[in-house]
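J.: Take this structure first; my questions come after.
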Amino acid sequence: MAGQAMIDQGRFLEVIGAETELMAQVAHTASADAPVPTCPGWTLGEVLRHVGSVYRVTRRWITDARRPEHWQREPGPGQTLEEYFREGRDELIAELSAHEPDELAPTWWPADRSYGFWRRRMAHETTIHRIDAENAAGLEVSAIPEDVAIDGIDEALVLWFGQRLPLLGLSGTKTGSVGVRTAGHTWIARAGPTETVAWRCSAEEAERADDLITGKPDKIYRWLWGRAGPTAVTVSGDQDMAGQLWALLRLATR
């Protein structure tokens, strides 16, 4: 199946549960008005509200068999932001748990119409915004398990770079390729005016790319999502293609 995850599907539900608990803990340690350095213009409260809203729209998308126009975007009367966040999480996990990953479900990616798509997507959505919450609270970013980070690198490249950008009608201005290598896994991301594609590849193929990005899985994962500075990864080459990759991912994931 296109976009097949690199870890067991049951792992994603565990990740959603663990990451939401981390986010809830952060909500007790910092003001909801704390700014989020990794999401300029956002506050910690807006991050929790956003994730709670994403959980709800996803569940409705699945159960209504189409993207909904209306859903609960804010806490209800008498409901705290944390309660809103947890309620959305619980309802989504209940829906995802009630179906096998390979069961059909509507998604925004034509290549993968399955519950598994949403398990994976929501696991990484939560992980990335947990990083935002910790940054807002001024906390050290909690470690991302290596298997989760590796799968997240694959999702960022194959789904967001290789699929989301073409769906949005966006492409690069220069033609070239970037190899990504970490923990025994390698990918190629190729962009230009006429193509934007990414795939898993051999180490030899990655070495032949115009630029090669290497580093620890969690660092590369965070860099691809704009949650780590340029020194978090090592870039071999003239860095033009790596810079274009980073810039295009900002457009794909905004």
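Each chain in the structure tokens gets a letter, A, B and so on, in the order shown; residues start at 1 in every chain, and ligands are counted from 1 in the order they appear.
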Run DSSP on the backbone of this structure and report the residues of segment 194-234 of chain A it assigns to strand (DSSP E or B), as a ChimeraX atom specification.
T.: /A:195-200,211-214,234
J.: For Pro230 of chain A, work out the shell of residues within 12 Å, counting only C-alpha atoms and skipping chain neighbours fewer than 6 positions away, then give it as number ranges by chain.
T.: A: 213-215, 219-220, 222-224, 239, 242-243, 246
J.: Ala228 of chain A: which residues within 12 Å, counting only C-alpha atoms, same-chain residues fewer than 3 positions away excluded, as JSON, numbers by chain?
T.: {"A": [37, 38, 39, 128, 131, 132, 135, 141, 218, 219, 220, 221, 222, 223, 224, 225, 231, 232, 233, 246]}
J.: Measuring between only C-alpha atoms, which one of A:Ala198, A:Ala24, A:Ala136, A:Ala111 shows the shortest distance to Trp42 of chain A?
T.: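 Checking each of A:Ala198, A:Ala24, A:Ala136, A:Ala111 against Trp42 of chain A, counting only C-alpha atoms, the winner is A:Ala136.
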J.: Hey, which of A:Leu167, A:Ala156, A:Val235, A:Val26 ends up closest to Gly179 of chain A? Count only C-alpha atoms.
T.: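 Closest residue, counting only C-alpha atoms: A:Val235.
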J.: Check which residues of segment 88-119 of chain A sit at most 7 Å from segment 46-65 of chain A using only C-alpha atoms, and return one row each with the closest pair of atoms and their distance in Å to one decimal, ordered by chain and rising number, as a Markdown table.
T.:
| residue | atom | partner | partner_atom | distance |
| --- | --- | --- | --- | --- |
| A:Gly88 | CA | A:Gly52 | CA | 5.3 |
| A:Arg89 | CA | A:Tyr55 | CA | 6.1 |
| A:Leu92 | CA | A:Arg59 | CA | 5.5 |
| A:Glu95 | CA | A:Arg59 | CA | 7.0 |
| A:Ala105 | CA | A:Ile62 | CA | 5.9 |
| A:Pro106 | CA | A:Ala65 | CA | 5.7 |
J.: Could those selected residues go to a file with C-alpha atoms, as a CSV table (one decimal), in the first residue's frame?
T.:
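Result went into selection01.csv, see below:
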chain,number,residue,atom,x,y,z
A,88,GLY,CA,-11.3,15.2,21.4
A,89,ARG,CA,-8.4,12.8,21.9
A,92,LEU,CA,-10.7,10.0,18.1
A,95,GLU,CA,-13.0,5.6,16.6
A,105,ALA,CA,-11.8,5.5,5.4
A,106,PRO,CA,-11.9,8.8,3.6
J.: With distances taken over only C-alpha atoms, which residue among A:Gln25, A:Gln163, A:Gln244, A:Thr175 lies nearest Glu134 of chain A?
T.: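 With only C-alpha atoms as the atom set, the closest residue is A:Gln25.
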J.: Record the distance separating atom CA of Arg86 of chain A and atom CA of Ala27 of chain A, expressed in Å with one decimal.
T.: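 Those two atoms sit 11.7 Å apart.
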J.: Between A:Gly152, A:Pro40, A:Pro217, A:Gly237, which has the minimum distance to Ser177 of chain A (counting only C-alpha atoms)?
T.: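 Comparing A:Gly152, A:Pro40, A:Pro217, A:Gly237 against Ser177 of chain A, the winner is A:Gly237.
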J.: Among segment 20-150 of chain A, which ones does DSSP place in helix (DSSP H, G or I), written as JSON, numbers by chain?
T.: {"A": [20, 21, 22, 23, 24, 25, 26, 27, 28, 29, 44, 45, 46, 47, 48, 49, 50, 51, 52, 53, 54, 55, 56, 57, 58, 59, 60, 61, 62, 63, 64, 81, 82, 83, 84, 85, 86, 87, 88, 89, 90, 91, 92, 93, 94, 95, 96, 97, 115, 116, 117, 118, 119, 120, 121, 122, 123, 124, 125, 126, 127, 128, 129, 130, 131, 132, 133, 134, 135, 136, 146, 147, 148, 149, 150]}
J.: Which residue, A:Asp238, A:Glu195, A:Glu69, A:Asp112, has the smallest gap to Leu170 of chain A when you use only C-alpha atoms?
T.: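 Of A:Asp238, A:Glu195, A:Glu69, A:Asp112, the one nearest Leu170 of chain A is A:Glu195, counting only C-alpha atoms.
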J.: Considering only C-alpha atoms, can you say which of A:Ser114, A:Gln9, A:Ser142, A:Thr107 comes closest to Arg130 of chain A?
T.: A:Ser142
J.: As a list in words, please: the residues near segment 4-8 of chain A (cut-off 8 Å, only C-alpha atoms, same-chain neighbours under 5 positions excluded).
T.: Arg120, Asp147, Val148, Ile150, Asp151, Asp154 and Glu155 of chain A
J.: Take atom CA of Arg113 of chain A and atom CA of Glu74 of chain A and report the distance between them in Å, one decimal.
T.: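 Atom CA of Glu74 of chain A lies at a distance of 28.2 Å from atom CA of Arg113 of chain A.
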